[in-house]
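K.L.:
What follows is my_file35.cif, mmCIF, C-alpha atoms.
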```
data_data
#
loop_
_atom_site.label_atom_id
_atom_site.label_comp_id
_atom_site.auth_asym_id
_atom_site.auth_seq_id
_atom_site.Cartn_x
_atom_site.Cartn_y
_atom_site.Cartn_z
CA MET A 1 45.73 10.52 79.06
CA TYR A 2 42.16 10.14 80.25
CA MET A 3 40.73 6.65 80.62
CA GLU A 4 37.76 6.45 78.27
CA PRO A 5 35.19 3.65 78.46
CA GLU A 6 35.37 1.32 75.50
CA PRO A 7 33.76 -2.00 74.62
CA TYR A 8 37.07 -3.61 75.50
CA PHE A 9 37.32 -7.14 76.74
CA PRO A 10 40.15 -9.68 76.28
CA PRO A 11 39.19 -12.46 73.87
CA PRO A 12 38.19 -15.75 75.48
CA SER A 13 40.98 -18.27 75.79
CA PRO A 14 40.38 -21.97 75.18
CA SER A 15 42.49 -22.76 78.23
CA LEU A 16 42.13 -19.97 80.77
CA THR A 17 45.02 -20.22 83.20
CA ARG A 18 43.89 -20.68 86.80
CA TRP A 19 46.66 -18.68 88.42
CA TRP A 20 45.04 -18.29 91.82
CA SER A 21 45.17 -20.73 94.73
CA LYS A 22 43.47 -21.29 98.08
CA GLU A 23 45.84 -18.65 99.49
CA THR A 24 44.70 -15.88 97.11
CA MET A 25 43.08 -13.00 99.00
CA ALA A 26 40.55 -10.44 97.75
CA VAL A 27 38.78 -7.47 99.32
CA VAL A 28 35.38 -6.36 98.00
CA THR A 29 33.95 -3.09 99.30
CA GLY A 30 30.22 -2.63 99.65
CA GLY A 31 29.82 -6.39 99.73
CA ASN A 32 26.61 -6.76 101.72
CA LYS A 33 24.22 -6.25 98.77
CA GLY A 34 23.88 -5.74 95.02
CA ILE A 35 26.86 -6.16 92.74
CA GLY A 36 29.30 -6.33 95.66
CA PHE A 37 27.48 -9.25 97.28
CA ALA A 38 27.33 -11.09 93.96
CA VAL A 39 31.06 -10.49 93.35
CA VAL A 40 31.94 -11.90 96.77
CA LYS A 41 29.86 -14.98 95.97
CA CYS A 42 31.50 -15.47 92.55
CA LEU A 43 35.03 -15.18 93.90
CA ALA A 44 34.35 -17.44 96.88
CA GLU A 45 32.78 -20.09 94.63
CA LEU A 46 35.98 -20.07 92.59
CA GLY A 47 38.09 -20.71 95.68
CA VAL A 48 39.35 -17.20 96.42
CA ASN A 49 39.50 -16.03 100.02
CA VAL A 50 37.28 -12.93 100.17
CA VAL A 51 37.00 -10.21 102.77
CA LEU A 52 33.48 -8.82 102.49
CA THR A 53 33.32 -5.26 103.75
CA ALA A 54 30.29 -3.20 104.73
CA ARG A 55 29.76 -0.02 106.73
CA ASP A 56 27.13 -1.69 108.92
CA THR A 57 28.29 -4.60 111.07
CA GLN A 58 24.90 -6.26 111.32
CA LYS A 59 24.28 -6.13 107.56
CA GLY A 60 27.82 -7.27 106.76
CA GLU A 61 27.70 -10.24 109.09
CA ALA A 62 24.24 -11.20 107.82
CA ALA A 63 25.58 -11.19 104.25
CA VAL A 64 28.49 -13.44 105.23
CA GLU A 65 26.16 -15.83 107.03
CA ALA A 66 23.88 -15.99 103.99
CA LEU A 67 26.83 -17.01 101.82
CA ARG A 68 28.17 -19.46 104.40
CA ALA A 69 24.77 -21.13 104.37
CA GLN A 70 25.41 -21.81 100.68
CA GLY A 71 28.54 -23.79 101.50
CA LEU A 72 31.13 -21.01 101.18
CA ALA A 73 32.21 -20.87 104.82
CA GLY A 74 35.85 -21.68 104.13
CA HIS A 75 36.44 -18.67 101.92
CA LEU A 76 34.64 -15.77 103.62
CA HIS A 77 35.61 -13.12 106.14
CA PHE A 78 33.99 -9.88 107.27
CA LEU A 79 35.60 -6.60 108.26
CA LEU A 80 33.85 -3.30 108.93
CA LEU A 81 34.62 -0.51 106.45
CA ASP A 82 33.00 2.82 105.65
CA VAL A 83 34.93 4.16 102.67
CA SER A 84 33.59 7.68 103.26
CA ASP A 85 35.36 7.81 106.66
CA PRO A 86 39.18 8.16 106.69
CA ILE A 87 39.38 6.78 110.25
CA SER A 88 37.40 3.70 109.22
CA ILE A 89 39.78 3.17 106.29
CA THR A 90 42.82 3.37 108.57
CA THR A 91 41.22 1.00 111.06
CA PHE A 92 40.32 -1.44 108.30
CA ALA A 93 43.87 -1.50 106.94
CA SER A 94 45.23 -2.15 110.44
CA SER A 95 42.68 -4.92 111.04
CA PHE A 96 43.46 -6.57 107.71
CA ASN A 97 47.19 -6.47 108.42
CA ALA A 98 46.72 -7.87 111.91
CA LYS A 99 44.55 -10.74 110.67
CA PHE A 100 46.13 -11.61 107.33
CA GLY A 101 49.41 -9.70 106.95
CA PRO A 102 50.63 -8.35 103.58
CA THR A 103 48.71 -10.95 101.55
CA LEU A 104 46.25 -8.90 99.47
CA ASP A 105 46.05 -9.93 95.81
CA ILE A 106 42.82 -8.34 94.56
CA LEU A 107 40.98 -5.15 95.55
CA VAL A 108 37.53 -4.53 94.07
CA ASN A 109 36.38 -1.00 94.87
CA ASN A 110 32.64 -1.49 94.48
CA ALA A 111 31.12 0.68 97.24
CA GLY A 112 29.35 3.74 95.89
CA VAL A 113 26.36 5.97 96.47
CA SER A 114 23.92 8.18 94.60
CA PHE A 115 21.01 10.00 96.18
CA ASN A 116 19.11 10.68 92.96
CA GLY A 117 16.26 8.83 91.34
CA LEU A 118 16.77 7.92 87.69
CA GLU A 119 15.16 11.16 86.49
CA GLU A 120 16.47 13.41 89.28
CA ASN A 121 19.58 15.57 89.45
CA SER A 122 19.94 17.07 92.91
CA VAL A 123 23.41 17.91 94.27
CA GLU A 124 22.22 18.21 97.87
CA HIS A 125 24.48 15.33 98.93
CA ALA A 126 27.39 16.13 96.60
CA GLU A 127 30.01 16.12 99.34
CA THR A 128 28.99 12.66 100.55
CA VAL A 129 28.93 11.33 96.98
CA ILE A 130 32.44 12.67 96.30
CA LYS A 131 33.77 11.35 99.62
CA THR A 132 32.35 7.88 98.99
CA ASN A 133 32.87 7.41 95.27
CA PHE A 134 36.20 9.16 94.74
CA TYR A 135 38.10 9.88 97.92
CA GLY A 136 37.01 6.58 99.47
CA PRO A 137 38.59 4.31 96.84
CA LYS A 138 41.59 6.64 96.57
CA MET A 139 42.32 6.61 100.30
CA LEU A 140 41.67 2.87 100.56
CA ILE A 141 44.11 2.10 97.75
CA GLU A 142 46.76 4.24 99.41
CA ALA A 143 46.16 2.55 102.78
CA LEU A 144 46.32 -0.96 101.31
CA LEU A 145 49.25 -0.58 98.92
CA PRO A 146 51.76 -1.77 101.57
CA LEU A 147 49.59 -4.85 102.15
CA PHE A 148 49.56 -6.12 98.57
CA ARG A 149 51.36 -9.42 98.21
CA CYS A 150 54.77 -9.12 96.58
CA SER A 151 55.12 -12.07 94.24
CA SER A 152 57.20 -12.65 91.14
CA SER A 153 54.69 -15.23 89.90
CA SER A 154 51.57 -13.08 89.73
CA ILE A 155 50.20 -9.55 89.39
CA THR A 156 48.25 -7.75 92.07
CA ARG A 157 45.02 -6.21 90.84
CA ILE A 158 42.87 -3.17 91.56
CA LEU A 159 39.50 -3.05 89.82
CA ASN A 160 37.45 0.12 90.34
CA VAL A 161 33.73 -0.21 89.62
CA SER A 162 32.97 2.99 87.74
CA SER A 163 30.42 4.33 85.26
CA ARG A 164 30.08 5.58 81.71
CA LEU A 165 28.64 8.71 83.33
CA GLY A 166 32.27 9.47 84.17
CA SER A 167 33.23 9.57 80.49
CA LEU A 168 35.18 12.58 79.34
CA ASN A 169 32.50 13.45 76.79
CA LYS A 170 30.13 14.18 79.69
CA MET A 171 32.37 17.06 80.81
CA ARG A 172 31.22 20.31 79.18
CA ASN A 173 33.73 22.49 81.05
CA ALA A 174 36.44 23.02 78.41
CA GLU A 175 39.16 23.92 80.93
CA MET A 176 38.55 20.83 83.05
CA ARG A 177 38.30 18.61 79.98
CA ALA A 178 41.63 19.88 78.64
CA MET A 179 43.26 19.21 82.01
CA LEU A 180 41.95 15.63 82.12
CA GLU A 181 43.28 14.97 78.61
CA ARG A 182 46.86 15.90 79.51
CA GLU A 183 49.45 13.14 79.63
CA ASP A 184 51.05 14.62 82.74
CA LEU A 185 47.85 14.93 84.79
CA LEU A 186 48.59 15.12 88.52
CA GLU A 187 46.63 13.89 91.53
CA GLU A 188 46.65 17.42 92.91
CA GLU A 189 44.87 18.64 89.79
CA MET A 190 42.15 16.01 90.20
CA ASP A 191 41.66 17.12 93.80
CA GLY A 192 41.48 20.70 92.57
CA MET A 193 38.80 19.79 90.04
CA VAL A 194 36.68 18.08 92.68
CA ASN A 195 37.10 21.00 95.09
CA MET A 196 36.09 23.43 92.35
CA PHE A 197 32.93 21.41 91.73
CA LEU A 198 32.05 21.39 95.42
CA ARG A 199 32.60 25.18 95.57
CA ASP A 200 30.31 25.63 92.58
CA VAL A 201 27.70 23.50 94.36
CA LYS A 202 28.03 25.59 97.51
CA ASN A 203 27.77 28.82 95.51
CA GLY A 204 24.81 27.57 93.50
CA THR A 205 26.65 28.05 90.19
CA TRP A 206 27.23 24.40 89.25
CA LYS A 207 24.59 24.33 86.49
CA SER A 208 26.33 27.08 84.50
CA LYS A 209 29.93 25.85 84.87
CA GLY A 210 29.90 23.02 82.36
CA TRP A 211 29.76 20.03 84.69
CA PRO A 212 28.03 16.84 83.49
CA SER A 213 24.31 17.39 83.11
CA TYR A 214 22.98 14.02 84.33
CA TRP A 215 23.50 12.75 87.89
CA THR A 216 26.06 15.54 88.14
CA ASP A 217 27.66 14.78 91.51
CA TYR A 218 27.87 11.06 90.72
CA ALA A 219 29.31 11.74 87.27
CA VAL A 220 31.99 14.08 88.67
CA SER A 221 32.94 11.48 91.30
CA LYS A 222 33.40 8.86 88.57
CA LEU A 223 35.29 11.30 86.32
CA ALA A 224 37.74 11.79 89.16
CA LEU A 225 37.94 8.05 89.92
CA ASN A 226 38.65 7.21 86.28
CA ALA A 227 41.34 9.87 86.06
CA TYR A 228 42.98 8.69 89.29
CA SER A 229 42.90 5.09 88.05
CA MET A 230 44.74 6.12 84.90
CA VAL A 231 47.36 8.08 86.83
CA LEU A 232 47.90 5.13 89.17
CA ALA A 233 48.11 2.62 86.31
CA LYS A 234 50.66 4.76 84.52
CA ARG A 235 52.74 5.28 87.65
CA TYR A 236 53.00 1.59 88.49
CA SER A 237 53.50 0.41 84.92
CA TYR A 238 56.82 2.22 84.99
CA ASN A 239 58.29 0.85 88.20
CA GLY A 240 57.86 -2.88 87.55
CA SER A 241 55.76 -3.39 90.68
CA GLY A 242 53.40 -5.93 89.10
CA LEU A 243 50.29 -3.87 89.86
CA SER A 244 47.35 -3.66 87.43
CA VAL A 245 44.72 -0.91 87.77
CA ASN A 246 41.54 -0.99 85.68
CA CYS A 247 37.97 0.30 85.74
CA LEU A 248 34.68 -1.36 84.85
CA CYS A 249 31.26 0.06 84.09
CA PRO A 250 28.73 -2.67 85.00
CA GLY A 251 26.05 -1.02 82.87
CA PHE A 252 22.42 -0.47 83.79
CA THR A 253 22.18 -3.04 86.56
CA GLN A 254 19.18 -3.93 88.69
CA THR A 255 20.25 -2.67 92.14
CA THR A 256 18.89 -0.43 94.89
CA MET A 257 20.72 2.50 93.24
CA THR A 258 18.46 2.10 90.18
CA ASN A 259 15.37 1.20 92.23
CA GLY A 260 15.54 -2.31 90.82
CA LYS A 261 15.45 -1.17 87.20
CA GLY A 262 18.04 -2.23 84.66
CA THR A 263 18.87 -4.37 81.66
CA HIS A 264 20.54 -7.15 83.66
CA THR A 265 20.95 -8.52 87.18
CA ALA A 266 23.65 -7.94 89.76
CA ASP A 267 24.72 -11.57 89.30
CA HIS A 268 25.27 -10.95 85.60
CA ALA A 269 27.37 -7.84 86.25
CA ALA A 270 29.32 -9.63 88.97
CA SER A 271 30.33 -12.41 86.58
CA PHE A 272 32.24 -9.81 84.55
CA VAL A 273 33.84 -8.29 87.64
CA ALA A 274 35.03 -11.72 88.77
CA SER A 275 36.29 -12.56 85.29
CA LEU A 276 38.32 -9.37 85.12
CA ALA A 277 39.66 -9.71 88.63
CA LEU A 278 40.89 -13.22 87.83
CA LEU A 279 42.39 -12.66 84.38
CA PRO A 280 45.66 -14.61 84.04
CA PRO A 281 48.80 -12.46 83.99
CA HIS A 282 49.38 -12.87 80.25
CA GLN A 283 45.92 -11.42 79.50
CA LEU A 284 45.79 -8.74 82.18
CA PRO A 285 46.13 -5.16 80.94
CA THR A 286 46.38 -1.99 83.01
CA GLY A 287 44.90 1.45 82.53
CA LYS A 288 41.81 0.11 80.74
CA PHE A 289 38.14 0.97 81.17
CA PHE A 290 36.10 -2.19 80.59
CA SER A 291 32.45 -1.91 79.66
CA ILE A 292 29.82 -4.57 79.35
CA GLY A 293 28.46 -4.77 75.82
CA LYS A 294 25.37 -6.60 74.65
CA LYS A 295 27.41 -9.41 73.11
CA THR A 296 30.10 -9.58 75.79
CA THR A 297 30.37 -12.83 77.72
CA PRO A 298 32.39 -13.51 80.87
CA LEU A 299 35.70 -15.30 80.52
CA LEU A 300 35.09 -17.59 83.47
CA ASN A 301 32.35 -20.00 84.30
CA THR A 302 31.77 -18.43 87.69
CA SER A 303 29.14 -20.98 88.64
CA SER A 304 31.69 -23.78 88.79
CA LYS A 305 33.35 -24.36 92.13
CA LEU A 306 36.91 -25.57 92.65
#
```
Could you take the file, read its structure, and then write that structure out as structure tokens?

P.N.:
Amino acid sequence: MYMEPEPYFPPPSPSLTRWWSKETMAVVTGGNKGIGFAVVKCLAELGVNVVLTARDTQKGEAAVEALRAQGLAGHLHFLLLDVSDPISITTFASSFNAKFGPTLDILVNNAGVSFNGLEENSVEHAETVIKTNFYGPKMLIEALLPLFRCSSSSITRILNVSSRLGSLNKMRNAEMRAMLEREDLLEEEMDGMVNMFLRDVKNGTWKSKGWPSYWTDYAVSKLALNAYSMVLAKRYSYNGSGLSVNCLCPGFTQTTMTNGKGTHTADHAASFVASLALLPPHQLPTGKFFSIGKKTTPLLNTSSKL
């Protein structure tokens, strides 16, 4: 059942169908810097209407202005959103509905946090990490589901930016691993796993309970996000709703989270995110964990404008 990362990417097509139009609407969380900012730029350059979200109004508006200065004014919008705050999520959904109505086609859950350096493994901020990286995307998806565009001609898309650190093989707790592998995994069980981890953190027993050993709180948050993505993909593949749910690990990317270290730039990672978000319906899977391999190339020329 569990969604495992794999070097999976649809083969390039000689004639990639441009299914989107000037009406297509995307939301990108954490869009004021790093991969999120680069994704907003890619999508806007390709003619998609993008709502850039950030938890700081000044930083979010500055990011939008920077992109508008590059000639993208017609495709950009800003709305305040802190994915770690349930009230902010509710307010965002209401604001989106008031401004655009039920027109959402693409949701890229990019916002995420880690408070560790590359060689550190503190769980001091575990609750914030879990709230932001797992419960944030989960609550946002639930709040925005009624606002996805219902269309017989296309497929609405959710792409969760995740991590290989959330791979099942990182989980050393045999009981939790067995639960995640079950075909009938429930959301309640994922919540229970996360709550158990937070209790172990509070009790100071987390090191001996078989949780992932590197960036533990971040890894657990991504384990939960991957599992939820799989449950959601499976649920909506059965009801004919036309909803695709996938995950992507952008790899070791040069961002503030990695202190600028990495094997590739945020722009490079964003080109894959944009490619996946804009896959034509006949190539779009669901319940997959995409990963960027050394020889993987984006499907779209994201530098070309409409």

K.L.:
Counting all atoms listed in the file, which of A:Thr216, A:Leu140, A:Pro86, A:Ser122 gets nearest to A:Val27?

P.N.:
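Closest candidate: A:Leu140.
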
K.L.:
For this structure, which residues satisfy the selection - the PyMOL selection byres ((chain A and resi 213) around 12) - when it is evaluated on the file as given? I want them as a list in words.

P.N.:
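For this structure, the PyMOL selection byres ((chain A and resi 213) around 12) captures Glu119, Glu120, Asn121, Ser122, Val123, Leu165, Gly166, Asn169, Lys170, Met171, Arg172, Asn173, Trp206, Lys207, Ser208, Lys209, Gly210, Trp211, Pro212, Tyr214, Trp215, Thr216, Asp217, Tyr218, Ala219 and Val220 of chain A.
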
K.L.:
From the list A:Ile130, A:Leu46, A:Ile35, A:Ile89, which residue is nearest A:Phe252 when using all atoms listed in the file?

P.N.:
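Of all the options, A:Ile35 lies closest to A:Phe252.
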
K.L.:
What is the atom CA of A:Ala54-atom CA of A:Ala66 distance in Å, reported with one decimal?

P.N.:
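According to the coordinates, atom CA of A:Ala54 and atom CA of A:Ala66 are separated by 14.3 Å.
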
K.L.:
Let me know the centre plus edge lengths, in Å and rounded to one decimal, of a box with edges along x, y and z that contains all listed atoms of stretch 36-47 of chain A and is padded by 4 Å on every side, as AutoDock Vina command-line options.

P.N.:
```
--center_x 32.7 --center_y -13.5 --center_z 94.9 --size_x 18.8 --size_y 22.4 --size_z 12.7
```

K.L.:
List, as a PDB file with C-alpha atoms, in the frame of the given file, every residue that the PyMOL selection byres ((chain A and resi 142-147) around 8) selects in the file provided.

P.N.:
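Written file, expr_32.pdb:
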```pdb
ATOM      1  CA  ILE A  89      39.780   3.170 106.290  1.00  0.00           C
ATOM      2  CA  THR A  90      42.820   3.370 108.570  1.00  0.00           C
ATOM      3  CA  ALA A  93      43.870  -1.500 106.940  1.00  0.00           C
ATOM      4  CA  ASN A  97      47.190  -6.470 108.420  1.00  0.00           C
ATOM      5  CA  GLY A 101      49.410  -9.700 106.950  1.00  0.00           C
ATOM      6  CA  PRO A 102      50.630  -8.350 103.580  1.00  0.00           C
ATOM      7  CA  THR A 103      48.710 -10.950 101.550  1.00  0.00           C
ATOM      8  CA  LEU A 104      46.250  -8.900  99.470  1.00  0.00           C
ATOM      9  CA  LYS A 138      41.590   6.640  96.570  1.00  0.00           C
ATOM     10  CA  MET A 139      42.320   6.610 100.300  1.00  0.00           C
ATOM     11  CA  LEU A 140      41.670   2.870 100.560  1.00  0.00           C
ATOM     12  CA  ILE A 141      44.110   2.100  97.750  1.00  0.00           C
ATOM     13  CA  PHE A 148      49.560  -6.120  98.570  1.00  0.00           C
ATOM     14  CA  ARG A 149      51.360  -9.420  98.210  1.00  0.00           C
TER      15      ARG A 149
END
```

K.L.:
Could you write out as a ChimeraX atom specification the residues that the PyMOL selection byres ((chain A and resi 269) around 9) matches in the shown file?

P.N.:
/A:35,38-39,250-251,253,264-268,270-274,292

K.L.:
So how many Å separate atom CA of A:Arg68 and atom CA of A:Arg18, to one decimal?

P.N.:
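Answer for the atom CA of A:Arg68 to atom CA of A:Arg18 separation: 23.6 Å.
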
K.L.:
Using all atoms listed in the file, can you tell me which of A:Gly242, A:Gly71, A:Gly36, A:Gly47 comes closest to A:Asn109?

P.N.:
A:Gly36

K.L.:
So what do you get for atom CA of A:Pro281 versus atom CA of A:Arg164, distance-wise?

P.N.:
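We find that atom CA of A:Pro281 and atom CA of A:Arg164 lie 26.1 Å from each other.
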
K.L.:
Nearest to A:Glu23: which of A:Asp85, A:Glu183, A:Glu127, A:Asp105 is it, counting all atoms listed in the file?

P.N.:
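Between A:Asp85, A:Glu183, A:Glu127, A:Asp105, the residue approaching A:Glu23 most closely is A:Asp105.
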
K.L.:
Give me the residues within 9 Å of A:Thr57 as a list in words, counting only C-alpha atoms and dropping any in the same chain fewer than 3 places off.

P.N.:
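Contacts, with the query itself left out: Thr53, Ala54, Gly60, Glu61, Ala62, Phe78, Leu79, Leu80 and Leu81 of chain A.
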
K.L.:
Please identify all polymer residues within 10 Å of A:Leu248, counting all atoms listed in the file, omitting same-chain residues fewer than 4 positions from it, and present them as a list in words.

P.N.:
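Final neighbour list, sorted by chain and number: Pro5, Glu6, Tyr8, Asn110, Leu159, Asn160, Val161, Ser162, Ser163, Arg164, Asn226, Ala269, Phe272, Val273, Leu276, Lys288, Phe289, Phe290, Ser291 and Ile292 of chain A.
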
K.L.:
Counting only C-alpha atoms, write as number ranges by chain all protein and nucleic acid residues lying at most 9 Å from (23.5, -3.9, 98.5) in the file's frame.

P.N.:
A: 30-37, 111, 255-257
